[in-house]
$ cat target-v5.txt   # compact mmCIF, C-alpha atoms and all ligand atoms
# COMPACT_ATOMS: atom_id res chain seq x y z
CA MET V 97 48.54 -70.66 126.75
CA GLU V 98 51.42 -73.03 126.11
CA LEU V 99 52.47 -73.79 122.55
CA VAL V 100 55.40 -75.83 121.29
CA PHE V 101 57.40 -74.23 118.48
CA ALA V 102 58.59 -77.28 116.52
CA THR V 103 61.97 -76.08 115.33
CA ASN V 104 65.60 -77.03 115.88
CA ASN V 105 66.72 -73.62 114.65
CA LEU V 106 67.53 -71.53 117.74
CA ASN V 107 67.65 -68.30 115.70
CA LYS V 108 64.07 -68.83 114.64
CA LEU V 109 63.03 -69.70 118.21
CA ARG V 110 64.59 -66.48 119.50
CA GLU V 111 63.01 -64.32 116.77
CA VAL V 112 59.55 -65.72 117.44
CA GLN V 113 59.86 -65.58 121.24
CA GLU V 114 60.60 -61.87 120.96
CA MET V 115 57.35 -61.32 119.06
CA LEU V 116 54.88 -63.08 121.33
CA SER V 117 53.00 -61.51 124.22
CA ASN V 118 53.30 -62.93 127.72
CA SER V 119 49.96 -64.67 127.36
CA ILE V 120 51.54 -67.19 124.98
CA LYS V 121 54.34 -69.28 126.47
CA ILE V 122 56.56 -70.89 123.87
CA LEU V 123 58.02 -74.29 124.67
CA SER V 124 61.03 -75.46 122.70
CA LEU V 125 61.53 -79.05 121.57
CA LYS V 126 64.11 -79.37 124.33
CA ASP V 127 61.51 -78.23 126.90
CA ILE V 128 59.36 -81.23 125.96
CA ASN V 129 62.36 -83.59 125.76
CA CYS V 130 62.08 -84.04 122.02
CA TYR V 131 65.46 -84.59 120.39
CA ASP V 132 64.12 -86.15 117.19
CA GLU V 133 65.03 -84.91 113.71
CA VAL V 134 61.96 -84.71 111.48
CA ASP V 135 62.98 -85.05 107.83
CA GLU V 136 61.47 -82.37 105.60
CA THR V 137 60.38 -84.71 102.82
CA GLU V 138 57.49 -82.75 101.31
CA ASN V 139 57.91 -80.65 98.16
CA SER V 140 56.17 -77.53 99.47
CA LEU V 141 56.74 -75.20 102.41
CA GLU V 142 53.18 -75.81 103.61
CA GLY V 143 53.70 -79.58 103.42
CA ASN V 144 56.87 -79.46 105.51
CA ALA V 145 55.35 -77.10 108.09
CA LYS V 146 52.42 -79.55 108.49
CA LEU V 147 54.80 -82.50 108.70
CA LYS V 148 56.78 -80.96 111.57
CA ALA V 149 53.70 -79.77 113.51
CA ASN V 150 51.91 -83.10 113.04
CA TYR V 151 54.92 -85.07 114.28
CA ILE V 152 54.87 -83.21 117.59
CA THR V 153 51.12 -83.34 118.05
CA LYS V 154 50.97 -87.04 117.23
CA ASN V 155 53.97 -88.16 119.30
CA PHE V 156 53.96 -85.67 122.17
CA GLY V 157 50.34 -84.50 122.32
CA TYR V 158 51.00 -80.77 122.48
CA ASN V 159 49.31 -77.85 120.76
CA CYS V 160 52.07 -76.63 118.54
CA PHE V 161 53.16 -74.77 115.46
CA ALA V 162 55.95 -75.20 112.96
CA ASP V 163 57.20 -73.09 110.11
CA ASP V 164 59.05 -73.73 106.90
CA THR V 165 60.76 -70.93 105.02
CA GLY V 166 62.21 -70.74 101.54
CA LEU V 167 64.01 -68.13 99.49
CA GLU V 168 62.34 -67.90 96.06
CA VAL V 169 64.48 -66.25 93.38
CA GLU V 170 62.58 -65.02 90.32
CA SER V 171 65.24 -65.60 87.65
CA LEU V 172 65.87 -69.13 89.00
CA ASP V 173 62.18 -70.06 88.66
CA GLY V 174 61.61 -69.90 92.41
CA LYS V 175 64.73 -71.83 93.44
CA PRO V 176 66.06 -72.67 96.01
CA GLY V 177 62.56 -72.46 97.53
CA VAL V 178 61.66 -75.44 99.65
CA TYR V 179 65.27 -76.68 99.25
CA SER V 180 66.86 -73.51 100.69
CA ALA V 181 68.54 -75.20 103.66
CA ARG V 182 70.35 -77.79 101.54
CA PHE V 183 70.91 -75.70 98.39
CA ALA V 184 74.68 -76.34 98.42
CA GLY V 185 74.31 -79.91 99.72
CA GLU V 186 74.80 -81.50 103.13
CA PRO V 187 75.79 -80.78 105.81
CA VAL V 188 73.74 -77.56 105.85
CA ASN V 189 76.07 -74.59 105.55
CA ALA V 190 74.84 -70.99 105.22
CA GLU V 191 78.09 -69.69 103.75
CA ASN V 192 78.15 -72.34 101.00
CA ASN V 193 74.47 -71.70 100.23
CA MET V 194 75.11 -67.97 99.81
CA GLN V 195 78.16 -68.52 97.60
CA LYS V 196 76.22 -70.93 95.38
CA LEU V 197 73.37 -68.45 95.00
CA LEU V 198 75.74 -65.55 94.25
CA SER V 199 77.48 -67.62 91.60
CA GLU V 200 74.18 -68.73 89.97
CA LEU V 201 73.12 -65.07 89.76
CA LYS V 202 76.48 -63.78 88.51
CA ASN V 203 75.33 -62.77 85.02
CA LYS V 204 71.70 -62.11 85.84
CA THR V 205 70.26 -58.60 85.88
CA ASN V 206 66.99 -59.66 87.48
CA ARG V 207 67.90 -60.22 91.14
CA LYS V 208 64.34 -60.10 92.51
CA ALA V 209 63.60 -62.61 95.27
CA GLN V 210 61.23 -63.22 98.12
CA PHE V 211 61.33 -65.06 101.40
CA ARG V 212 58.16 -67.01 102.01
CA THR V 213 57.16 -68.62 105.30
CA ALA V 214 54.37 -71.11 105.86
CA VAL V 215 53.25 -71.65 109.45
CA CYS V 216 51.12 -74.59 110.50
CA LEU V 217 49.26 -74.42 113.81
CA ASN V 218 47.77 -77.51 115.41
CA ILE V 219 45.43 -76.59 118.21
CA GLU V 220 42.84 -78.73 119.97
CA GLY V 221 42.48 -81.13 117.06
CA LYS V 222 42.24 -78.42 114.41
CA GLN V 223 44.80 -77.22 111.90
CA PHE V 224 45.36 -73.71 110.55
CA LEU V 225 47.87 -72.32 108.02
CA PHE V 226 49.38 -68.84 107.84
CA GLU V 227 51.69 -67.28 105.26
CA GLY V 228 54.16 -64.41 105.28
CA ILE V 229 56.05 -62.96 102.31
CA CYS V 230 58.90 -60.47 102.23
CA LYS V 231 59.91 -59.19 98.78
CA GLY V 232 63.37 -57.93 98.02
CA GLU V 233 66.49 -58.62 96.00
CA ILE V 234 69.74 -60.57 96.18
CA LEU V 235 72.77 -58.31 96.66
CA THR V 236 75.99 -58.93 94.73
CA LYS V 237 77.99 -59.41 97.92
CA LYS V 238 77.47 -60.06 101.61
CA GLN V 239 76.59 -57.20 103.92
CA GLY V 240 76.24 -57.22 107.74
CA GLU V 241 76.88 -59.73 110.48
CA LYS V 242 73.52 -60.19 112.15
CA GLY V 243 70.72 -62.67 111.47
CA PHE V 244 71.33 -66.09 109.93
CA GLY V 245 71.01 -68.11 106.73
CA TYR V 246 70.76 -65.93 103.61
CA ASP V 247 70.32 -62.67 105.58
CA PRO V 248 73.65 -61.06 104.48
CA ILE V 249 72.70 -61.19 100.79
CA PHE V 250 68.97 -60.37 101.01
CA LYS V 251 67.88 -56.73 100.86
CA PRO V 252 64.18 -56.22 101.62
CA GLU V 253 62.21 -53.89 99.33
CA GLY V 254 62.19 -50.26 100.54
CA PHE V 255 65.38 -50.67 102.58
CA LYS V 256 68.95 -49.73 101.74
CA GLU V 257 70.74 -52.63 103.41
CA SER V 258 70.54 -56.36 103.97
CA PHE V 259 68.60 -58.16 106.72
CA ALA V 260 71.97 -58.89 108.33
CA THR V 261 72.43 -55.19 109.17
CA MET V 262 69.15 -55.03 111.11
CA SER V 263 68.41 -55.80 114.75
CA SER V 264 66.05 -58.75 115.13
CA GLU V 265 63.36 -56.29 116.26
CA GLU V 266 63.66 -54.37 112.97
CA LYS V 267 63.76 -57.57 110.93
CA ASN V 268 60.73 -59.07 112.71
CA LYS V 269 58.58 -56.07 111.78
CA ILE V 270 58.94 -56.68 108.03
CA SER V 271 60.16 -60.23 107.61
CA HIS V 272 58.33 -63.23 106.10
CA ARG V 273 58.38 -65.05 109.45
CA GLY V 274 57.44 -61.87 111.31
CA ILE V 275 54.38 -61.38 109.10
CA ALA V 276 53.30 -65.02 109.36
CA ILE V 277 53.76 -65.03 113.15
CA GLN V 278 51.84 -61.74 113.49
CA LYS V 279 48.94 -63.47 111.71
CA LEU V 280 49.29 -66.44 114.09
CA VAL V 281 49.28 -64.16 117.14
CA GLU V 282 46.23 -62.24 115.95
CA PHE V 283 44.46 -65.55 115.37
CA LEU V 284 45.38 -66.81 118.86
CA ASN V 285 44.28 -63.57 120.49
CA ASN V 286 40.82 -64.00 118.94
CA TYR V 287 40.65 -67.77 119.49
CA LYS V 288 37.60 -68.95 121.49
P1 LIG K 301 63.70 -76.09 111.32
O1 LIG K 301 63.27 -76.91 110.14
O2 LIG K 301 64.26 -76.89 112.45
O3 LIG K 301 62.62 -75.17 111.80
P2 LIG K 301 65.62 -74.84 109.46
O4 LIG K 301 66.89 -74.15 109.77
O5 LIG K 301 65.65 -76.08 108.63
O6 LIG K 301 64.92 -75.09 110.87
P3 LIG K 301 63.75 -73.73 107.48
O7 LIG K 301 63.59 -75.10 106.91
O8 LIG K 301 62.50 -72.98 107.81
O9 LIG K 301 64.68 -73.75 108.80
O10 LIG K 301 64.56 -72.79 106.51
C1 LIG K 301 65.30 -73.27 105.43
C2 LIG K 301 66.54 -72.43 105.24
O11 LIG K 301 66.14 -71.13 104.78
C3 LIG K 301 67.38 -72.20 106.49
O12 LIG K 301 68.34 -73.18 106.64
C4 LIG K 301 68.02 -70.86 106.21
O13 LIG K 301 69.19 -71.03 105.45
C5 LIG K 301 67.00 -70.15 105.33
N1 LIG K 301 66.21 -69.20 106.11
C6 LIG K 301 65.05 -69.43 106.78
N2 LIG K 301 64.62 -68.30 107.39
C7 LIG K 301 65.53 -67.34 107.10
C8 LIG K 301 65.67 -65.97 107.44
O14 LIG K 301 64.79 -65.35 108.20
N3 LIG K 301 66.74 -65.31 106.99
C9 LIG K 301 67.66 -65.93 106.21
N4 LIG K 301 67.62 -67.21 105.85
C10 LIG K 301 66.56 -67.91 106.30

$ encode --input "target-v5.txt" --output "structure tokens" --more "lines below"
Ligand code: ITT
Amino acid sequence: MELVFATNNLNKLREVQEMLSNSIKILSLKDINCYDEVDETENSLEGNAKLKANYITKNFGYNCFADDTGLEVESLDGKPGVYSARFAGEPVNAENNMQKLLSELKNKTNRKAQFRTAVCLNIEGKQFLFEGICKGEILTKKQGEKGFGYDPIFKPEGFKESFATMSSEEKNKISHRGIAIQKLVEFLNNYK
């Protein structure tokens, strides 16, 4: 089965590719000659995941899925959430986003946070949603060099170190996106 993963984020593409069995072939946007930027204008992760998947299905005709991920920090009432990519403004910059978050949490004792991923699958005219959550906390300083985005300052629950110290295989087993994609894969394996 061929499925387009509607993302421009190559880190995400690599993480997901590593998780899928050979029976599912992932096509990137480049593979289908799509160089368009789809603005994430919805105010929920689910809304943005649908927006991206629907754009590809409507304009390119492929079965496809898209995800949207946000980092929800408890003491900031769920911020940056759906605005995680542009938390420190444009152009998107992971370092600036992390510094802004660290400074907003400077005097806070509650550092609980969760990554949440919504995945939208469009297949043969039908639409399905999947969710993955990874609970954890925001560290007081960066740790590790791997991963991307907020990984150096996010420590998943039950682990001693940040996501950025883990191999992508380790991260995929417990991460928000990993969990959502596992649900997607299980669904596809039982489809039809
Ligand atoms: P696409 O919309 O093209 O898929 P994106 O980079 O905009 O790629 P998202 O909207 O899903 O990705 O994610 C919003 C931001 O959340 C992203 O820019 C990262 O900073 C952060 N993020 C997402 N997944 C993450 C992860 O697994 N680890 C750390 N940060 C992550």

$ residues_around --input "target-v5.txt" --residues "Glu170 of chain V" --least-positions-apart "3" --cutoff "8 Å" --atoms "all atoms listed in the file" --output "list in words"
Asp173, Gly174, Lys175, Asn206, Arg207, Lys208 and Ala209 of chain V

$ residues_around --input "target-v5.txt" --residues "Pro176 of chain V" --least-positions-apart "2" --cutoff "12 Å" --atoms "only C-alpha atoms" --output "PDB file with C-alpha atoms, in the coordinates of the input"
ATOM      1  CA  ASN V 139      57.910 -80.650  98.160  1.00  0.00           C
ATOM      2  CA  SER V 140      56.170 -77.530  99.470  1.00  0.00           C
ATOM      3  CA  LEU V 141      56.740 -75.200 102.410  1.00  0.00           C
ATOM      4  CA  THR V 165      60.760 -70.930 105.020  1.00  0.00           C
ATOM      5  CA  GLY V 166      62.210 -70.740 101.540  1.00  0.00           C
ATOM      6  CA  LEU V 167      64.010 -68.130  99.490  1.00  0.00           C
ATOM      7  CA  GLU V 168      62.340 -67.900  96.060  1.00  0.00           C
ATOM      8  CA  VAL V 169      64.480 -66.250  93.380  1.00  0.00           C
ATOM      9  CA  GLU V 170      62.580 -65.020  90.320  1.00  0.00           C
ATOM     10  CA  SER V 171      65.240 -65.600  87.650  1.00  0.00           C
ATOM     11  CA  LEU V 172      65.870 -69.130  89.000  1.00  0.00           C
ATOM     12  CA  ASP V 173      62.180 -70.060  88.660  1.00  0.00           C
ATOM     13  CA  GLY V 174      61.610 -69.900  92.410  1.00  0.00           C
ATOM     14  CA  VAL V 178      61.660 -75.440  99.650  1.00  0.00           C
ATOM     15  CA  TYR V 179      65.270 -76.680  99.250  1.00  0.00           C
ATOM     16  CA  SER V 180      66.860 -73.510 100.690  1.00  0.00           C
ATOM     17  CA  ALA V 181      68.540 -75.200 103.660  1.00  0.00           C
ATOM     18  CA  ARG V 182      70.350 -77.790 101.540  1.00  0.00           C
ATOM     19  CA  PHE V 183      70.910 -75.700  98.390  1.00  0.00           C
ATOM     20  CA  ALA V 184      74.680 -76.340  98.420  1.00  0.00           C
ATOM     21  CA  GLY V 185      74.310 -79.910  99.720  1.00  0.00           C
ATOM     22  CA  ASN V 193      74.470 -71.700 100.230  1.00  0.00           C
ATOM     23  CA  MET V 194      75.110 -67.970  99.810  1.00  0.00           C
ATOM     24  CA  LYS V 196      76.220 -70.930  95.380  1.00  0.00           C
ATOM     25  CA  LEU V 197      73.370 -68.450  95.000  1.00  0.00           C
ATOM     26  CA  GLU V 200      74.180 -68.730  89.970  1.00  0.00           C
ATOM     27  CA  ALA V 209      63.600 -62.610  95.270  1.00  0.00           C
ATOM     28  CA  GLN V 210      61.230 -63.220  98.120  1.00  0.00           C
ATOM     29  CA  PHE V 211      61.330 -65.060 101.400  1.00  0.00           C
ATOM     30  CA  ARG V 212      58.160 -67.010 102.010  1.00  0.00           C
ATOM     31  CA  TYR V 246      70.760 -65.930 103.610  1.00  0.00           C
TER      32      TYR V 246
END

$ closest_residue --input "target-v5.txt" --among "V:Glu233, V:Asp247, V:Glu186, V:Glu253" --to "ligand LIG 301 (chain K)" --atoms "only C-alpha atoms and all ligand atoms"
V:Asp247

$ residues_around --input "target-v5.txt" --residues "segment 98-107 of chain V" --least-positions-apart "3" --cutoff "8 Å" --atoms "all atoms listed in the file" --output "list in words"
Arg110, Glu111, Ile120, Lys121, Ile122, Leu123, Ser124, Leu125, Lys148, Ala149, Ile152, Tyr158, Asn159, Cys160, Phe161, Ala162, Asp163, Gly243 and Phe244 of chain V

$ axis_aligned_box --input "target-v5.txt" --around "segment 232-250 of chain V" --padding-each-side "8 Å" --output "JSON"
{"center_x": 70.7, "center_y": -62.7, "center_z": 103.4, "size_x": 30.6, "size_y": 26.9, "size_z": 33.4}

$ atom_distance --input "target-v5.txt" --atom1 "atom N4 of ligand LIG 301 (chain K)" --atom2 "atom CA of Leu147 of chain V"
20.2 Å

$ closest_residue --input "target-v5.txt" --among "V:Phe224, V:Tyr151, V:Phe250, V:Phe283" --to "ligand LIG 301 (chain K)" --atoms "all atoms listed in the file"
V:Phe250

$ closest_residue --input "target-v5.txt" --among "V:Gly254, V:Gly232, V:Gly177, V:Gly143" --to "ligand LIG 301 (chain K)" --atoms "all atoms listed in the file"
V:Gly177

$ atom_distance --input "target-v5.txt" --atom1 "atom CA of Lys269 of chain V" --atom2 "atom CA of Asn192 of chain V"
27.6 Å

$ closest_residue --input "target-v5.txt" --among "V:Lys256, V:Lys267, V:Lys146, V:His272" --to "Lys242 of chain V" --atoms "all atoms listed in the file"
V:Lys267

$ closest_residue --input "target-v5.txt" --among "V:Glu241, V:Glu220, V:Glu133, V:Glu282" --to "ligand LIG 301 (chain K)" --atoms "all atoms listed in the file"
V:Glu133

$ atom_distance --input "target-v5.txt" --atom1 "atom CA of Gly240 of chain V" --atom2 "atom O6 of ligand LIG 301 (chain K)"
21.4 Å

$ build_atoms --input "target-v5.txt" --residues "segment 103-114 of chain V" --atoms "all heavy atoms" --output "mmCIF file, in the frame of the given file"
data_model
loop_
_atom_site.group_PDB
_atom_site.id
_atom_site.type_symbol
_atom_site.label_atom_id
_atom_site.label_comp_id
_atom_site.auth_asym_id
_atom_site.auth_seq_id
_atom_site.Cartn_x
_atom_site.Cartn_y
_atom_site.Cartn_z
ATOM 1 N N THR V 103 60.805 -76.420 116.150
ATOM 2 C CA THR V 103 61.970 -76.080 115.330
ATOM 3 C C THR V 103 63.247 -76.476 116.060
ATOM 4 O O THR V 103 63.287 -76.468 117.290
ATOM 5 C CB THR V 103 62.028 -74.570 115.021
ATOM 6 O OG1 THR V 103 63.170 -74.298 114.217
ATOM 7 C CG2 THR V 103 62.118 -73.724 116.282
ATOM 8 N N ASN V 104 64.275 -76.811 115.291
ATOM 9 C CA ASN V 104 65.600 -77.030 115.880
ATOM 10 C C ASN V 104 66.495 -75.822 115.637
ATOM 11 O O ASN V 104 67.663 -75.829 115.986
ATOM 12 C CB ASN V 104 66.253 -78.273 115.255
ATOM 13 C CG ASN V 104 65.566 -79.533 115.735
ATOM 14 O OD1 ASN V 104 65.412 -79.730 116.934
ATOM 15 N ND2 ASN V 104 65.132 -80.370 114.802
ATOM 16 N N ASN V 105 65.940 -74.800 115.000
ATOM 17 C CA ASN V 105 66.720 -73.620 114.650
ATOM 18 C C ASN V 105 66.553 -72.569 115.766
ATOM 19 O O ASN V 105 65.496 -71.959 115.914
ATOM 20 C CB ASN V 105 66.208 -73.084 113.304
ATOM 21 C CG ASN V 105 67.011 -71.907 112.815
ATOM 22 O OD1 ASN V 105 67.457 -71.077 113.609
ATOM 23 N ND2 ASN V 105 67.182 -71.826 111.509
ATOM 24 N N LEU V 106 67.623 -72.404 116.566
ATOM 25 C CA LEU V 106 67.530 -71.530 117.740
ATOM 26 C C LEU V 106 67.351 -70.065 117.362
ATOM 27 O O LEU V 106 66.757 -69.290 118.111
ATOM 28 C CB LEU V 106 68.767 -71.712 118.630
ATOM 29 C CG LEU V 106 68.935 -73.118 119.214
ATOM 30 C CD1 LEU V 106 70.190 -73.219 120.068
ATOM 31 C CD2 LEU V 106 67.707 -73.524 120.040
ATOM 32 N N ASN V 107 67.853 -69.685 116.167
ATOM 33 C CA ASN V 107 67.650 -68.300 115.700
ATOM 34 C C ASN V 107 66.174 -68.015 115.498
ATOM 35 O O ASN V 107 65.677 -66.954 115.853
ATOM 36 C CB ASN V 107 68.376 -68.076 114.359
ATOM 37 C CG ASN V 107 69.867 -68.136 114.515
ATOM 38 O OD1 ASN V 107 70.457 -67.313 115.218
ATOM 39 N ND2 ASN V 107 70.498 -69.112 113.875
ATOM 40 N N LYS V 108 65.491 -68.988 114.886
ATOM 41 C CA LYS V 108 64.070 -68.830 114.640
ATOM 42 C C LYS V 108 63.307 -68.774 115.964
ATOM 43 O O LYS V 108 62.422 -67.945 116.145
ATOM 44 C CB LYS V 108 63.541 -69.989 113.781
ATOM 45 C CG LYS V 108 64.026 -69.881 112.354
ATOM 46 C CD LYS V 108 63.492 -70.841 111.334
ATOM 47 C CE LYS V 108 62.617 -71.959 111.677
ATOM 48 N NZ LYS V 108 62.348 -72.816 110.476
ATOM 49 N N LEU V 109 63.688 -69.642 116.895
ATOM 50 C CA LEU V 109 63.030 -69.700 118.210
ATOM 51 C C LEU V 109 63.152 -68.342 118.906
ATOM 52 O O LEU V 109 62.173 -67.797 119.423
ATOM 53 C CB LEU V 109 63.692 -70.791 119.044
ATOM 54 C CG LEU V 109 62.959 -71.199 120.309
ATOM 55 C CD1 LEU V 109 61.720 -72.005 119.979
ATOM 56 C CD2 LEU V 109 63.854 -72.020 121.215
ATOM 57 N N ARG V 110 64.351 -67.776 118.855
ATOM 58 C CA ARG V 110 64.590 -66.480 119.500
ATOM 59 C C ARG V 110 63.770 -65.376 118.830
ATOM 60 O O ARG V 110 63.099 -64.593 119.498
ATOM 61 C CB ARG V 110 66.100 -66.154 119.428
ATOM 62 C CG ARG V 110 66.483 -64.818 120.039
ATOM 63 C CD ARG V 110 67.983 -64.542 119.905
ATOM 64 N NE ARG V 110 68.537 -64.912 118.603
ATOM 65 C CZ ARG V 110 68.413 -64.204 117.488
ATOM 66 N NH1 ARG V 110 67.735 -63.079 117.496
ATOM 67 N NH2 ARG V 110 68.960 -64.610 116.354
ATOM 68 N N GLU V 111 63.777 -65.353 117.495
ATOM 69 C CA GLU V 111 63.010 -64.320 116.770
ATOM 70 C C GLU V 111 61.532 -64.372 117.157
ATOM 71 O O GLU V 111 60.921 -63.349 117.425
ATOM 72 C CB GLU V 111 63.136 -64.538 115.248
ATOM 73 C CG GLU V 111 64.398 -63.959 114.640
ATOM 74 C CD GLU V 111 64.405 -64.038 113.091
ATOM 75 O OE1 GLU V 111 63.397 -64.428 112.466
ATOM 76 O OE2 GLU V 111 65.436 -63.702 112.530
ATOM 77 N N VAL V 112 60.991 -65.579 117.185
ATOM 78 C CA VAL V 112 59.550 -65.720 117.440
ATOM 79 C C VAL V 112 59.214 -65.413 118.900
ATOM 80 O O VAL V 112 58.211 -64.752 119.198
ATOM 81 C CB VAL V 112 59.065 -67.126 117.021
ATOM 82 C CG1 VAL V 112 57.661 -67.406 117.522
ATOM 83 C CG2 VAL V 112 59.126 -67.256 115.505
ATOM 84 N N GLN V 113 60.081 -65.858 119.819
ATOM 85 C CA GLN V 113 59.860 -65.580 121.240
ATOM 86 C C GLN V 113 59.736 -64.081 121.488
ATOM 87 O O GLN V 113 58.887 -63.631 122.247
ATOM 88 C CB GLN V 113 61.042 -66.124 122.057
ATOM 89 C CG GLN V 113 60.633 -67.272 122.939
ATOM 90 C CD GLN V 113 61.808 -68.127 123.337
ATOM 91 O OE1 GLN V 113 62.969 -67.800 123.075
ATOM 92 N NE2 GLN V 113 61.515 -69.236 123.974
ATOM 93 N N GLU V 114 60.587 -63.325 120.786
ATOM 94 C CA GLU V 114 60.600 -61.870 120.960
ATOM 95 C C GLU V 114 59.292 -61.222 120.510
ATOM 96 O O GLU V 114 58.976 -60.117 120.902
ATOM 97 C CB GLU V 114 61.765 -61.250 120.162
ATOM 98 C CG GLU V 114 63.110 -61.465 120.834
ATOM 99 C CD GLU V 114 64.270 -60.980 119.974
ATOM 100 O OE1 GLU V 114 64.044 -60.254 118.992
ATOM 101 O OE2 GLU V 114 65.403 -61.349 120.291
#
